Amino acid sequence: MAEAAFQKMLEEIQAKSSEYNRQLVQVRTQIQLKERERKVSEIQIRELEAAGTKTNTFVSVGKMFLQMPQPTIVNQLQLKVASLADDVAVLTKKQAYLVKSVADCQSALNEAIKQMQSA
């Protein structure tokens, strides 16, 4: 009976650990994507600022392009960069939580194995 309960507990811990690991991989991927998008937006800002305010600038909308003033585009990109930085900060906190959760699962698993061996 005790061995069946122990086996069930191990399966639950392993299921939690694998779920946390899956979530951790997803969060890391999201962080990488957001960082890449932020860097691209920063490069676009630098390029637009280097071009000057009198340069004709266009924004793609589907299959068309709309002419917009350069300062408007730069402001939109700066807002996007700020939003992406906030998203990365939130995801980094989530990543830290998941890393801690995985470590807790591993320590619980090790503790359960030690208890079973000592019994």
# chains A, B, ... in the order shown; residues from 1 in each chain; ligands from 1

$ select_by_dssp --residues "region 22-99 of chain A" --states "strand (DSSP E)" --output "list in words"
Thr57, Phe58, Val59, Ser60, Val61, Met64, Phe65, Leu66, Gln67 and Met68 of chain A

$ write_last_selection --atoms "all heavy atoms" --output "PDB file, in the first residue's frame"
ATOM      1  N   THR A  57       8.433  59.128 -45.380  1.00  0.00           N
ATOM      2  CA  THR A  57       8.423  57.826 -44.712  1.00  0.00           C
ATOM      3  C   THR A  57       7.057  57.187 -44.914  1.00  0.00           C
ATOM      4  O   THR A  57       6.038  57.867 -44.967  1.00  0.00           O
ATOM      5  CB  THR A  57       8.712  57.968 -43.207  1.00  0.00           C
ATOM      6  OG1 THR A  57       7.838  58.935 -42.641  1.00  0.00           O
ATOM      7  CG2 THR A  57      10.156  58.383 -42.970  1.00  0.00           C
ATOM      8  N   PHE A  58       7.076  55.866 -45.006  1.00  0.00           N
ATOM      9  CA  PHE A  58       5.854  55.113 -45.278  1.00  0.00           C
ATOM     10  C   PHE A  58       5.758  53.951 -44.304  1.00  0.00           C
ATOM     11  O   PHE A  58       6.766  53.391 -43.873  1.00  0.00           O
ATOM     12  CB  PHE A  58       5.864  54.571 -46.709  1.00  0.00           C
ATOM     13  CG  PHE A  58       5.889  55.659 -47.751  1.00  0.00           C
ATOM     14  CD1 PHE A  58       7.087  56.208 -48.178  1.00  0.00           C
ATOM     15  CD2 PHE A  58       4.702  56.127 -48.289  1.00  0.00           C
ATOM     16  CE1 PHE A  58       7.105  57.213 -49.130  1.00  0.00           C
ATOM     17  CE2 PHE A  58       4.716  57.135 -49.244  1.00  0.00           C
ATOM     18  CZ  PHE A  58       5.917  57.675 -49.667  1.00  0.00           C
ATOM     19  N   VAL A  59       4.522  53.588 -43.993  1.00  0.00           N
ATOM     20  CA  VAL A  59       4.248  52.446 -43.125  1.00  0.00           C
ATOM     21  C   VAL A  59       3.409  51.461 -43.926  1.00  0.00           C
ATOM     22  O   VAL A  59       2.455  51.855 -44.602  1.00  0.00           O
ATOM     23  CB  VAL A  59       3.472  52.897 -41.862  1.00  0.00           C
ATOM     24  CG1 VAL A  59       3.073  51.702 -41.023  1.00  0.00           C
ATOM     25  CG2 VAL A  59       4.289  53.866 -41.053  1.00  0.00           C
ATOM     26  N   SER A  60       3.776  50.188 -43.862  1.00  0.00           N
ATOM     27  CA  SER A  60       3.006  49.190 -44.609  1.00  0.00           C
ATOM     28  C   SER A  60       1.725  48.853 -43.852  1.00  0.00           C
ATOM     29  O   SER A  60       1.727  48.665 -42.646  1.00  0.00           O
ATOM     30  CB  SER A  60       3.832  47.936 -44.846  1.00  0.00           C
ATOM     31  OG  SER A  60       4.066  47.274 -43.634  1.00  0.00           O
ATOM     32  N   VAL A  61       0.648  48.799 -44.612  1.00  0.00           N
ATOM     33  CA  VAL A  61      -0.658  48.420 -44.079  1.00  0.00           C
ATOM     34  C   VAL A  61      -1.206  47.360 -45.027  1.00  0.00           C
ATOM     35  O   VAL A  61      -1.731  47.685 -46.086  1.00  0.00           O
ATOM     36  CB  VAL A  61      -1.616  49.635 -44.007  1.00  0.00           C
ATOM     37  CG1 VAL A  61      -2.974  49.208 -43.461  1.00  0.00           C
ATOM     38  CG2 VAL A  61      -1.019  50.751 -43.185  1.00  0.00           C
ATOM     39  N   MET A  64      -0.590  47.653 -48.853  1.00  0.00           N
ATOM     40  CA  MET A  64      -0.447  49.062 -49.234  1.00  0.00           C
ATOM     41  C   MET A  64       0.537  49.752 -48.300  1.00  0.00           C
ATOM     42  O   MET A  64       0.924  49.219 -47.272  1.00  0.00           O
ATOM     43  CB  MET A  64      -1.811  49.768 -49.140  1.00  0.00           C
ATOM     44  CG  MET A  64      -2.847  49.188 -50.045  1.00  0.00           C
ATOM     45  SD  MET A  64      -4.507  49.908 -49.899  1.00  0.00           S
ATOM     46  CE  MET A  64      -4.381  51.309 -48.901  1.00  0.00           C
ATOM     47  N   PHE A  65       0.917  50.971 -48.691  1.00  0.00           N
ATOM     48  CA  PHE A  65       1.785  51.783 -47.862  1.00  0.00           C
ATOM     49  C   PHE A  65       1.116  53.130 -47.631  1.00  0.00           C
ATOM     50  O   PHE A  65       0.545  53.713 -48.545  1.00  0.00           O
ATOM     51  CB  PHE A  65       3.143  52.002 -48.543  1.00  0.00           C
ATOM     52  CG  PHE A  65       3.952  50.751 -48.646  1.00  0.00           C
ATOM     53  CD1 PHE A  65       3.887  49.956 -49.785  1.00  0.00           C
ATOM     54  CD2 PHE A  65       4.762  50.349 -47.604  1.00  0.00           C
ATOM     55  CE1 PHE A  65       4.625  48.796 -49.886  1.00  0.00           C
ATOM     56  CE2 PHE A  65       5.501  49.188 -47.690  1.00  0.00           C
ATOM     57  CZ  PHE A  65       5.434  48.403 -48.833  1.00  0.00           C
ATOM     58  N   LEU A  66       1.199  53.602 -46.401  1.00  0.00           N
ATOM     59  CA  LEU A  66       0.664  54.914 -46.057  1.00  0.00           C
ATOM     60  C   LEU A  66       1.819  55.842 -45.721  1.00  0.00           C
ATOM     61  O   LEU A  66       2.723  55.467 -44.971  1.00  0.00           O
ATOM     62  CB  LEU A  66      -0.265  54.824 -44.843  1.00  0.00           C
ATOM     63  CG  LEU A  66      -1.584  54.103 -45.021  1.00  0.00           C
ATOM     64  CD1 LEU A  66      -2.321  54.034 -43.695  1.00  0.00           C
ATOM     65  CD2 LEU A  66      -2.446  54.802 -46.052  1.00  0.00           C
ATOM     66  N   GLN A  67       1.757  57.039 -46.246  1.00  0.00           N
ATOM     67  CA  GLN A  67       2.791  58.018 -45.916  1.00  0.00           C
ATOM     68  C   GLN A  67       2.452  58.606 -44.550  1.00  0.00           C
ATOM     69  O   GLN A  67       1.320  59.007 -44.288  1.00  0.00           O
ATOM     70  CB  GLN A  67       2.851  59.125 -46.960  1.00  0.00           C
ATOM     71  CG  GLN A  67       3.977  60.096 -46.696  1.00  0.00           C
ATOM     72  CD  GLN A  67       4.121  61.127 -47.809  1.00  0.00           C
ATOM     73  OE1 GLN A  67       3.313  61.166 -48.720  1.00  0.00           O
ATOM     74  NE2 GLN A  67       5.150  61.925 -47.720  1.00  0.00           N
ATOM     75  N   MET A  68       3.444  58.617 -43.687  1.00  0.00           N
ATOM     76  CA  MET A  68       3.278  59.167 -42.341  1.00  0.00           C
ATOM     77  C   MET A  68       4.476  60.037 -42.023  1.00  0.00           C
ATOM     78  O   MET A  68       5.589  59.764 -42.490  1.00  0.00           O
ATOM     79  CB  MET A  68       3.159  58.047 -41.303  1.00  0.00           C
ATOM     80  CG  MET A  68       1.897  57.225 -41.405  1.00  0.00           C
ATOM     81  SD  MET A  68       1.795  55.961 -40.136  1.00  0.00           S
ATOM     82  CE  MET A  68       1.397  56.934 -38.717  1.00  0.00           C
TER      83      MET A  68
END

$ residues_around --residues "Lys94 (chain A)" --least-positions-apart "4" --cutoff "10 Å" --atoms "only C-alpha atoms" --output "PyMOL selection string"
chain A and resi 23-24+27-28+88-90+98-100

$ closest_residue --among "A:Ala50, A:Ile45, A:Ile31, A:Ala96" --to "Leu84 (chain A)" --atoms "only C-alpha atoms"
A:Ile31

$ residues_around --residues "Ala108 (chain A)" --least-positions-apart "5" --cutoff "12 Å" --atoms "only C-alpha atoms" --output "ChimeraX atom specification"
/A:9-14,16-17,101-103,113-115

$ select_by_dssp --residues "chain A" --states "alpha helix (DSSP H)" --output "ChimeraX atom specification"
/A:2-51,70-118
